[in-house]
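Okay, start-v1.pdb is below, PDB, N, CA, C and O atoms, pLDDT in the B column:
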```pdb
ATOM      1  N   MET A 757      49.068 -11.443  30.402  1.00 62.00           N
ATOM      2  CA  MET A 757      47.663 -11.334  30.084  1.00 62.00           C
ATOM      3  C   MET A 757      46.801 -11.593  31.319  1.00 62.00           C
ATOM      4  O   MET A 757      45.713 -11.057  31.433  1.00 62.00           O
ATOM      5  N   ALA A 758      47.285 -12.416  32.221  1.00 70.00           N
ATOM      6  CA  ALA A 758      46.527 -12.712  33.439  1.00 70.00           C
ATOM      7  C   ALA A 758      46.430 -11.485  34.333  1.00 70.00           C
ATOM      8  O   ALA A 758      45.463 -11.336  35.068  1.00 70.00           O
ATOM      9  N   SER A 759      47.423 -10.611  34.256  1.00 87.00           N
ATOM     10  CA  SER A 759      47.369  -9.421  35.103  1.00 87.00           C
ATOM     11  C   SER A 759      46.249  -8.482  34.671  1.00 87.00           C
ATOM     12  O   SER A 759      45.691  -7.763  35.494  1.00 87.00           O
ATOM     13  N   PHE A 760      45.885  -8.492  33.379  1.00 91.00           N
ATOM     14  CA  PHE A 760      44.763  -7.683  32.920  1.00 91.00           C
ATOM     15  C   PHE A 760      43.452  -8.195  33.510  1.00 91.00           C
ATOM     16  O   PHE A 760      42.584  -7.420  33.907  1.00 91.00           O
ATOM     17  N   ALA A 761      43.308  -9.503  33.570  1.00 89.00           N
ATOM     18  CA  ALA A 761      42.099 -10.095  34.147  1.00 89.00           C
ATOM     19  C   ALA A 761      42.017  -9.789  35.642  1.00 89.00           C
ATOM     20  O   ALA A 761      40.951  -9.471  36.164  1.00 89.00           O
ATOM     21  N   GLU A 762      43.156  -9.889  36.337  1.00 92.00           N
ATOM     22  CA  GLU A 762      43.174  -9.580  37.764  1.00 92.00           C
ATOM     23  C   GLU A 762      42.891  -8.108  38.014  1.00 92.00           C
ATOM     24  O   GLU A 762      42.202  -7.759  38.973  1.00 92.00           O
ATOM     25  N   ALA A 763      43.399  -7.245  37.157  1.00 94.00           N
ATOM     26  CA  ALA A 763      43.136  -5.814  37.301  1.00 94.00           C
ATOM     27  C   ALA A 763      41.654  -5.514  37.070  1.00 94.00           C
ATOM     28  O   ALA A 763      41.051  -4.705  37.791  1.00 94.00           O
ATOM     29  N   GLY A 764      41.055  -6.146  36.093  1.00 93.00           N
ATOM     30  CA  GLY A 764      39.628  -5.964  35.844  1.00 93.00           C
ATOM     31  C   GLY A 764      38.776  -6.485  36.981  1.00 93.00           C
ATOM     32  O   GLY A 764      37.796  -5.854  37.390  1.00 93.00           O
ATOM     33  N   LEU A 765      39.163  -7.641  37.529  1.00 94.00           N
ATOM     34  CA  LEU A 765      38.447  -8.205  38.671  1.00 94.00           C
ATOM     35  C   LEU A 765      38.591  -7.320  39.893  1.00 94.00           C
ATOM     36  O   LEU A 765      37.633  -7.123  40.646  1.00 94.00           O
ATOM     37  N   PHE A 766      39.770  -6.759  40.103  1.00 95.00           N
ATOM     38  CA  PHE A 766      39.971  -5.835  41.221  1.00 95.00           C
ATOM     39  C   PHE A 766      39.100  -4.590  41.052  1.00 95.00           C
ATOM     40  O   PHE A 766      38.523  -4.089  42.020  1.00 95.00           O
ATOM     41  N   GLY A 767      38.980  -4.097  39.832  1.00 95.00           N
ATOM     42  CA  GLY A 767      38.107  -2.956  39.572  1.00 95.00           C
ATOM     43  C   GLY A 767      36.656  -3.271  39.903  1.00 95.00           C
ATOM     44  O   GLY A 767      35.945  -2.437  40.465  1.00 95.00           O
ATOM     45  N   LEU A 768      36.203  -4.477  39.562  1.00 95.00           N
ATOM     46  CA  LEU A 768      34.846  -4.884  39.912  1.00 95.00           C
ATOM     47  C   LEU A 768      34.655  -5.006  41.419  1.00 95.00           C
ATOM     48  O   LEU A 768      33.597  -4.657  41.945  1.00 95.00           O
ATOM     49  N   VAL A 769      35.676  -5.494  42.124  1.00 96.00           N
ATOM     50  CA  VAL A 769      35.608  -5.601  43.579  1.00 96.00           C
ATOM     51  C   VAL A 769      35.450  -4.218  44.197  1.00 96.00           C
ATOM     52  O   VAL A 769      34.580  -3.996  45.051  1.00 96.00           O
ATOM     53  N   VAL A 770      36.255  -3.279  43.764  1.00 97.00           N
ATOM     54  CA  VAL A 770      36.179  -1.918  44.304  1.00 97.00           C
ATOM     55  C   VAL A 770      34.825  -1.291  43.976  1.00 97.00           C
ATOM     56  O   VAL A 770      34.204  -0.643  44.835  1.00 97.00           O
ATOM     57  N   LEU A 771      34.354  -1.484  42.760  1.00 97.00           N
ATOM     58  CA  LEU A 771      33.070  -0.919  42.345  1.00 97.00           C
ATOM     59  C   LEU A 771      31.926  -1.463  43.194  1.00 97.00           C
ATOM     60  O   LEU A 771      31.060  -0.700  43.655  1.00 97.00           O
ATOM     61  N   THR A 772      31.890  -2.768  43.429  1.00 97.00           N
ATOM     62  CA  THR A 772      30.796  -3.343  44.207  1.00 97.00           C
ATOM     63  C   THR A 772      30.851  -2.892  45.662  1.00 97.00           C
ATOM     64  O   THR A 772      29.807  -2.648  46.269  1.00 97.00           O
ATOM     65  N   PHE A 773      32.052  -2.782  46.237  1.00 97.00           N
ATOM     66  CA  PHE A 773      32.141  -2.311  47.621  1.00 97.00           C
ATOM     67  C   PHE A 773      31.704  -0.858  47.739  1.00 97.00           C
ATOM     68  O   PHE A 773      31.007  -0.483  48.679  1.00 97.00           O
ATOM     69  N   VAL A 774      32.077  -0.029  46.789  1.00 97.00           N
ATOM     70  CA  VAL A 774      31.665   1.384  46.824  1.00 97.00           C
ATOM     71  C   VAL A 774      30.155   1.498  46.666  1.00 97.00           C
ATOM     72  O   VAL A 774      29.502   2.262  47.384  1.00 97.00           O
ATOM     73  N   LEU A 775      29.581   0.758  45.734  1.00 96.00           N
ATOM     74  CA  LEU A 775      28.129   0.790  45.560  1.00 96.00           C
ATOM     75  C   LEU A 775      27.401   0.264  46.791  1.00 96.00           C
ATOM     76  O   LEU A 775      26.368   0.796  47.197  1.00 96.00           O
ATOM     77  N   GLY A 776      27.924  -0.789  47.396  1.00 97.00           N
ATOM     78  CA  GLY A 776      27.308  -1.351  48.595  1.00 97.00           C
ATOM     79  C   GLY A 776      27.349  -0.390  49.769  1.00 97.00           C
ATOM     80  O   GLY A 776      26.334  -0.164  50.441  1.00 97.00           O
ATOM     81  N   LEU A 777      28.511   0.186  50.013  1.00 97.00           N
ATOM     82  CA  LEU A 777      28.620   1.120  51.134  1.00 97.00           C
ATOM     83  C   LEU A 777      27.803   2.382  50.910  1.00 97.00           C
ATOM     84  O   LEU A 777      27.155   2.886  51.832  1.00 97.00           O
ATOM     85  N   SER A 778      27.798   2.893  49.694  1.00 96.00           N
ATOM     86  CA  SER A 778      27.024   4.108  49.429  1.00 96.00           C
ATOM     87  C   SER A 778      25.524   3.832  49.530  1.00 96.00           C
ATOM     88  O   SER A 778      24.766   4.696  49.997  1.00 96.00           O
ATOM     89  N   SER A 779      25.075   2.652  49.144  1.00 95.00           N
ATOM     90  CA  SER A 779      23.659   2.321  49.287  1.00 95.00           C
ATOM     91  C   SER A 779      23.264   2.224  50.754  1.00 95.00           C
ATOM     92  O   SER A 779      22.197   2.706  51.151  1.00 95.00           O
ATOM     93  N   ILE A 780      24.113   1.621  51.563  1.00 95.00           N
ATOM     94  CA  ILE A 780      23.812   1.522  52.992  1.00 95.00           C
ATOM     95  C   ILE A 780      23.819   2.900  53.636  1.00 95.00           C
ATOM     96  O   ILE A 780      22.951   3.231  54.446  1.00 95.00           O
ATOM     97  N   ILE A 781      24.759   3.738  53.266  1.00 95.00           N
ATOM     98  CA  ILE A 781      24.806   5.099  53.806  1.00 95.00           C
ATOM     99  C   ILE A 781      23.565   5.882  53.391  1.00 95.00           C
ATOM    100  O   ILE A 781      22.983   6.616  54.200  1.00 95.00           O
ATOM    101  N   MET A 782      23.131   5.728  52.144  1.00 92.00           N
ATOM    102  CA  MET A 782      21.922   6.416  51.696  1.00 92.00           C
ATOM    103  C   MET A 782      20.696   5.935  52.459  1.00 92.00           C
ATOM    104  O   MET A 782      19.757   6.702  52.700  1.00 92.00           O
ATOM    105  N   GLY A 783      20.671   4.673  52.853  1.00 91.00           N
ATOM    106  CA  GLY A 783      19.550   4.157  53.625  1.00 91.00           C
ATOM    107  C   GLY A 783      19.542   4.643  55.053  1.00 91.00           C
ATOM    108  O   GLY A 783      18.494   4.728  55.689  1.00 91.00           O
ATOM    109  N   VAL A 784      20.709   4.995  55.581  1.00 91.00           N
ATOM    110  CA  VAL A 784      20.815   5.436  56.974  1.00 91.00           C
ATOM    111  C   VAL A 784      20.576   6.933  57.119  1.00 91.00           C
ATOM    112  O   VAL A 784      20.040   7.380  58.134  1.00 91.00           O
ATOM    113  N   ILE A 785      20.934   7.707  56.118  1.00 90.00           N
ATOM    114  CA  ILE A 785      20.786   9.165  56.187  1.00 90.00           C
ATOM    115  C   ILE A 785      19.300   9.522  56.267  1.00 90.00           C
ATOM    116  O   ILE A 785      18.515   9.100  55.429  1.00 90.00           O
ATOM    117  N   PRO A 786      18.923  10.296  57.285  1.00 86.00           N
ATOM    118  CA  PRO A 786      17.509  10.688  57.382  1.00 86.00           C
ATOM    119  C   PRO A 786      17.141  11.708  56.304  1.00 86.00           C
ATOM    120  O   PRO A 786      17.857  12.686  56.079  1.00 86.00           O
ATOM    121  N   SER A 787      16.044  11.455  55.640  1.00 80.00           N
ATOM    122  CA  SER A 787      15.577  12.350  54.586  1.00 80.00           C
ATOM    123  C   SER A 787      14.052  12.300  54.550  1.00 80.00           C
ATOM    124  O   SER A 787      13.470  11.214  54.514  1.00 80.00           O
ATOM    125  N   PRO A 788      13.411  13.457  54.548  1.00 81.00           N
ATOM    126  CA  PRO A 788      11.943  13.437  54.503  1.00 81.00           C
ATOM    127  C   PRO A 788      11.396  12.966  53.157  1.00 81.00           C
ATOM    128  O   PRO A 788      10.253  12.545  53.062  1.00 81.00           O
ATOM    129  N   ALA A 789      12.213  13.021  52.119  1.00 78.00           N
ATOM    130  CA  ALA A 789      11.751  12.618  50.787  1.00 78.00           C
ATOM    131  C   ALA A 789      11.710  11.099  50.636  1.00 78.00           C
ATOM    132  O   ALA A 789      11.005  10.578  49.777  1.00 78.00           O
ATOM    133  N   HIS A 790      12.487  10.387  51.465  1.00 75.00           N
ATOM    134  CA  HIS A 790      12.546   8.928  51.362  1.00 75.00           C
ATOM    135  C   HIS A 790      11.700   8.305  52.458  1.00 75.00           C
ATOM    136  O   HIS A 790      11.844   8.605  53.622  1.00 75.00           O
ATOM    137  N   GLY A 791      10.837   7.402  52.060  1.00 83.00           N
ATOM    138  CA  GLY A 791      10.025   6.667  53.019  1.00 83.00           C
ATOM    139  C   GLY A 791      10.737   5.409  53.469  1.00 83.00           C
ATOM    140  O   GLY A 791      11.903   5.160  53.134  1.00 83.00           O
ATOM    141  N   MET A 792      10.019   4.597  54.220  1.00 88.00           N
ATOM    142  CA  MET A 792      10.606   3.364  54.740  1.00 88.00           C
ATOM    143  C   MET A 792      10.896   2.371  53.616  1.00 88.00           C
ATOM    144  O   MET A 792      11.871   1.630  53.668  1.00 88.00           O
ATOM    145  N   LYS A 793      10.070   2.378  52.570  1.00 88.00           N
ATOM    146  CA  LYS A 793      10.272   1.453  51.456  1.00 88.00           C
ATOM    147  C   LYS A 793      11.619   1.708  50.784  1.00 88.00           C
ATOM    148  O   LYS A 793      12.356   0.764  50.487  1.00 88.00           O
ATOM    149  N   GLU A 794      11.948   2.960  50.556  1.00 89.00           N
ATOM    150  CA  GLU A 794      13.220   3.287  49.915  1.00 89.00           C
ATOM    151  C   GLU A 794      14.394   2.920  50.803  1.00 89.00           C
ATOM    152  O   GLU A 794      15.431   2.456  50.327  1.00 89.00           O
ATOM    153  N   LYS A 795      14.253   3.109  52.113  1.00 90.00           N
ATOM    154  CA  LYS A 795      15.342   2.756  53.030  1.00 90.00           C
ATOM    155  C   LYS A 795      15.601   1.251  53.022  1.00 90.00           C
ATOM    156  O   LYS A 795      16.743   0.812  53.065  1.00 90.00           O
ATOM    157  N   VAL A 796      14.536   0.463  52.964  1.00 92.00           N
ATOM    158  CA  VAL A 796      14.689  -0.989  52.904  1.00 92.00           C
ATOM    159  C   VAL A 796      15.345  -1.393  51.587  1.00 92.00           C
ATOM    160  O   VAL A 796      16.212  -2.269  51.555  1.00 92.00           O
ATOM    161  N   GLU A 797      14.948  -0.734  50.499  1.00 93.00           N
ATOM    162  CA  GLU A 797      15.558  -1.036  49.203  1.00 93.00           C
ATOM    163  C   GLU A 797      17.048  -0.685  49.204  1.00 93.00           C
ATOM    164  O   GLU A 797      17.868  -1.463  48.696  1.00 93.00           O
ATOM    165  N   TYR A 798      17.390   0.471  49.757  1.00 93.00           N
ATOM    166  CA  TYR A 798      18.807   0.840  49.840  1.00 93.00           C
ATOM    167  C   TYR A 798      19.591  -0.180  50.666  1.00 93.00           C
ATOM    168  O   TYR A 798      20.701  -0.569  50.303  1.00 93.00           O
ATOM    169  N   GLY A 799      19.016  -0.609  51.776  1.00 93.00           N
ATOM    170  CA  GLY A 799      19.690  -1.609  52.605  1.00 93.00           C
ATOM    171  C   GLY A 799      19.856  -2.930  51.888  1.00 93.00           C
ATOM    172  O   GLY A 799      20.910  -3.571  51.966  1.00 93.00           O
ATOM    173  N   PHE A 800      18.819  -3.354  51.179  1.00 96.00           N
ATOM    174  CA  PHE A 800      18.891  -4.612  50.436  1.00 96.00           C
ATOM    175  C   PHE A 800      19.967  -4.567  49.365  1.00 96.00           C
ATOM    176  O   PHE A 800      20.779  -5.488  49.241  1.00 96.00           O
ATOM    177  N   PHE A 801      19.963  -3.482  48.576  1.00 96.00           N
ATOM    178  CA  PHE A 801      20.972  -3.369  47.530  1.00 96.00           C
ATOM    179  C   PHE A 801      22.368  -3.229  48.130  1.00 96.00           C
ATOM    180  O   PHE A 801      23.344  -3.741  47.572  1.00 96.00           O
ATOM    181  N   GLY A 802      22.485  -2.544  49.255  1.00 95.00           N
ATOM    182  CA  GLY A 802      23.785  -2.404  49.909  1.00 95.00           C
ATOM    183  C   GLY A 802      24.350  -3.740  50.340  1.00 95.00           C
ATOM    184  O   GLY A 802      25.508  -4.060  50.063  1.00 95.00           O
ATOM    185  N   VAL A 803      23.529  -4.533  51.015  1.00 96.00           N
ATOM    186  CA  VAL A 803      23.988  -5.849  51.465  1.00 96.00           C
ATOM    187  C   VAL A 803      24.265  -6.758  50.271  1.00 96.00           C
ATOM    188  O   VAL A 803      25.246  -7.511  50.262  1.00 96.00           O
ATOM    189  N   SER A 804      23.425  -6.668  49.239  1.00 97.00           N
ATOM    190  CA  SER A 804      23.639  -7.498  48.043  1.00 97.00           C
ATOM    191  C   SER A 804      24.971  -7.171  47.375  1.00 97.00           C
ATOM    192  O   SER A 804      25.720  -8.080  46.987  1.00 97.00           O
ATOM    193  N   PHE A 805      25.281  -5.869  47.242  1.00 97.00           N
ATOM    194  CA  PHE A 805      26.551  -5.492  46.622  1.00 97.00           C
ATOM    195  C   PHE A 805      27.740  -5.883  47.491  1.00 97.00           C
ATOM    196  O   PHE A 805      28.792  -6.262  46.973  1.00 97.00           O
ATOM    197  N   LEU A 806      27.596  -5.802  48.819  1.00 96.00           N
ATOM    198  CA  LEU A 806      28.702  -6.211  49.687  1.00 96.00           C
ATOM    199  C   LEU A 806      28.952  -7.712  49.590  1.00 96.00           C
ATOM    200  O   LEU A 806      30.105  -8.153  49.582  1.00 96.00           O
ATOM    201  N   VAL A 807      27.897  -8.496  49.508  1.00 97.00           N
ATOM    202  CA  VAL A 807      28.063  -9.948  49.342  1.00 97.00           C
ATOM    203  C   VAL A 807      28.694 -10.261  47.989  1.00 97.00           C
ATOM    204  O   VAL A 807      29.594 -11.103  47.893  1.00 97.00           O
ATOM    205  N   LEU A 808      28.250  -9.570  46.951  1.00 96.00           N
ATOM    206  CA  LEU A 808      28.855  -9.762  45.625  1.00 96.00           C
ATOM    207  C   LEU A 808      30.327  -9.360  45.643  1.00 96.00           C
ATOM    208  O   LEU A 808      31.179 -10.042  45.052  1.00 96.00           O
ATOM    209  N   GLY A 809      30.644  -8.286  46.335  1.00 95.00           N
ATOM    210  CA  GLY A 809      32.045  -7.870  46.466  1.00 95.00           C
ATOM    211  C   GLY A 809      32.878  -8.906  47.211  1.00 95.00           C
ATOM    212  O   GLY A 809      34.037  -9.142  46.861  1.00 95.00           O
ATOM    213  N   LEU A 810      32.289  -9.517  48.233  1.00 96.00           N
ATOM    214  CA  LEU A 810      32.996 -10.564  48.959  1.00 96.00           C
ATOM    215  C   LEU A 810      33.252 -11.771  48.055  1.00 96.00           C
ATOM    216  O   LEU A 810      34.352 -12.341  48.078  1.00 96.00           O
ATOM    217  N   LEU A 811      32.262 -12.146  47.257  1.00 96.00           N
ATOM    218  CA  LEU A 811      32.460 -13.262  46.325  1.00 96.00           C
ATOM    219  C   LEU A 811      33.522 -12.941  45.275  1.00 96.00           C
ATOM    220  O   LEU A 811      34.337 -13.809  44.929  1.00 96.00           O
ATOM    221  N   LEU A 812      33.520 -11.711  44.782  1.00 94.00           N
ATOM    222  CA  LEU A 812      34.546 -11.332  43.818  1.00 94.00           C
ATOM    223  C   LEU A 812      35.934 -11.274  44.463  1.00 94.00           C
ATOM    224  O   LEU A 812      36.937 -11.595  43.815  1.00 94.00           O
ATOM    225  N   THR A 813      35.987 -10.886  45.727  1.00 95.00           N
ATOM    226  CA  THR A 813      37.277 -10.888  46.440  1.00 95.00           C
ATOM    227  C   THR A 813      37.795 -12.319  46.583  1.00 95.00           C
ATOM    228  O   THR A 813      38.991 -12.563  46.398  1.00 95.00           O
ATOM    229  N   ILE A 814      36.909 -13.246  46.890  1.00 95.00           N
ATOM    230  CA  ILE A 814      37.321 -14.651  46.993  1.00 95.00           C
ATOM    231  C   ILE A 814      37.812 -15.140  45.632  1.00 95.00           C
ATOM    232  O   ILE A 814      38.810 -15.866  45.535  1.00 95.00           O
ATOM    233  N   ALA A 815      37.125 -14.737  44.560  1.00 92.00           N
ATOM    234  CA  ALA A 815      37.559 -15.135  43.210  1.00 92.00           C
ATOM    235  C   ALA A 815      38.911 -14.524  42.867  1.00 92.00           C
ATOM    236  O   ALA A 815      39.730 -15.145  42.181  1.00 92.00           O
ATOM    237  N   LEU A 816      39.157 -13.315  43.359  1.00 90.00           N
ATOM    238  CA  LEU A 816      40.441 -12.654  43.081  1.00 90.00           C
ATOM    239  C   LEU A 816      41.580 -13.350  43.815  1.00 90.00           C
ATOM    240  O   LEU A 816      42.667 -13.527  43.266  1.00 90.00           O
ATOM    241  N   VAL A 817      41.341 -13.766  45.030  1.00 91.00           N
ATOM    242  CA  VAL A 817      42.381 -14.434  45.829  1.00 91.00           C
ATOM    243  C   VAL A 817      42.599 -15.859  45.333  1.00 91.00           C
ATOM    244  O   VAL A 817      43.717 -16.360  45.343  1.00 91.00           O
ATOM    245  N   TRP A 818      41.549 -16.507  44.899  1.00 85.00           N
ATOM    246  CA  TRP A 818      41.626 -17.896  44.483  1.00 85.00           C
ATOM    247  C   TRP A 818      42.504 -17.996  43.297  1.00 85.00           C
ATOM    248  O   TRP A 818      43.287 -18.543  42.847  1.00 85.00           O
TER     249      TRP A 818
END
```

Hey, can you dump this file as structure tokens for me?
Amino acid sequence: MASFAEAGLFGLVVLTFVLGLSSIIMGVIPSPAHGMKEKVEYGFFGVSFLVLGLLLTIALVW
């Protein structure tokens, strides 16, 4: 039963890293439709998801 919990936690780790990296990439890609406010928001959410992914990785290893 513990392996199901670890598998679910691993899925959350992968999900947060993918969301974090894709948000940072979206903030870096130049686009005339996105202003500076959107780029800052993408960067903020990207870093937030990467930090959450790091915390979940620590929980998975612990």

Expanded to explicit residues, what is the PyMOL selection byres (((chain A and resi 801 and name CA) around 10) and name CA) for this file, as a short mmCIF file (atom, residue, chain, number, x, y, z; two decimals) with N, CA, C and O atoms, in the coordinates of the input?
```cif
data_model
loop_
_atom_site.label_atom_id
_atom_site.label_comp_id
_atom_site.auth_asym_id
_atom_site.auth_seq_id
_atom_site.Cartn_x
_atom_site.Cartn_y
_atom_site.Cartn_z
N LEU A 775 29.58 0.76 45.73
CA LEU A 775 28.13 0.79 45.56
C LEU A 775 27.40 0.26 46.79
O LEU A 775 26.37 0.80 47.20
N GLY A 776 27.92 -0.79 47.40
CA GLY A 776 27.31 -1.35 48.60
C GLY A 776 27.35 -0.39 49.77
O GLY A 776 26.33 -0.16 50.44
N LEU A 777 28.51 0.19 50.01
CA LEU A 777 28.62 1.12 51.13
C LEU A 777 27.80 2.38 50.91
O LEU A 777 27.16 2.89 51.83
N SER A 778 27.80 2.89 49.69
CA SER A 778 27.02 4.11 49.43
C SER A 778 25.52 3.83 49.53
O SER A 778 24.77 4.70 50.00
N SER A 779 25.08 2.65 49.14
CA SER A 779 23.66 2.32 49.29
C SER A 779 23.26 2.22 50.75
O SER A 779 22.20 2.71 51.15
N ILE A 780 24.11 1.62 51.56
CA ILE A 780 23.81 1.52 52.99
C ILE A 780 23.82 2.90 53.64
O ILE A 780 22.95 3.23 54.45
N GLY A 783 20.67 4.67 52.85
CA GLY A 783 19.55 4.16 53.62
C GLY A 783 19.54 4.64 55.05
O GLY A 783 18.49 4.73 55.69
N LYS A 795 14.25 3.11 52.11
CA LYS A 795 15.34 2.76 53.03
C LYS A 795 15.60 1.25 53.02
O LYS A 795 16.74 0.81 53.06
N VAL A 796 14.54 0.46 52.96
CA VAL A 796 14.69 -0.99 52.90
C VAL A 796 15.34 -1.39 51.59
O VAL A 796 16.21 -2.27 51.56
N GLU A 797 14.95 -0.73 50.50
CA GLU A 797 15.56 -1.04 49.20
C GLU A 797 17.05 -0.68 49.20
O GLU A 797 17.87 -1.46 48.70
N TYR A 798 17.39 0.47 49.76
CA TYR A 798 18.81 0.84 49.84
C TYR A 798 19.59 -0.18 50.67
O TYR A 798 20.70 -0.57 50.30
N GLY A 799 19.02 -0.61 51.78
CA GLY A 799 19.69 -1.61 52.60
C GLY A 799 19.86 -2.93 51.89
O GLY A 799 20.91 -3.57 51.97
N PHE A 800 18.82 -3.35 51.18
CA PHE A 800 18.89 -4.61 50.44
C PHE A 800 19.97 -4.57 49.36
O PHE A 800 20.78 -5.49 49.24
N GLY A 802 22.48 -2.54 49.26
CA GLY A 802 23.78 -2.40 49.91
C GLY A 802 24.35 -3.74 50.34
O GLY A 802 25.51 -4.06 50.06
N VAL A 803 23.53 -4.53 51.02
CA VAL A 803 23.99 -5.85 51.46
C VAL A 803 24.26 -6.76 50.27
O VAL A 803 25.25 -7.51 50.26
N SER A 804 23.42 -6.67 49.24
CA SER A 804 23.64 -7.50 48.04
C SER A 804 24.97 -7.17 47.38
O SER A 804 25.72 -8.08 46.99
N PHE A 805 25.28 -5.87 47.24
CA PHE A 805 26.55 -5.49 46.62
C PHE A 805 27.74 -5.88 47.49
O PHE A 805 28.79 -6.26 46.97
N LEU A 806 27.60 -5.80 48.82
CA LEU A 806 28.70 -6.21 49.69
C LEU A 806 28.95 -7.71 49.59
O LEU A 806 30.10 -8.15 49.58
N VAL A 807 27.90 -8.50 49.51
CA VAL A 807 28.06 -9.95 49.34
C VAL A 807 28.69 -10.26 47.99
O VAL A 807 29.59 -11.10 47.89
#
```

**Prompt:** How many Å lie between atom O of Ala761 in chain A and atom C of Val817 in chain A, rounded to one decimal?
**Reply:**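 Distance reported for this atom pair: 11.3 Å.
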
**Item:** Close residues, Leu810 in chain A itself excluded, 10 Å, only C-alpha atoms, min 5 positions apart in chain, as an MDAnalysis selection string
**Value:** chainID A and resid 769 772:773 804:805 815:816

**Request:** Work out how far apart CA of Glu762 in chain A and atom N of Leu808 in chain A are and give it in Å to one decimal.
**Result:** 17.5 Å

**Request:** Grab the atom C of Glu794 in chain A to atom N of Met782 in chain A distance for me, in Å with one decimal place.
**Result:**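 Here the two named atoms are 9.3 Å from each other.
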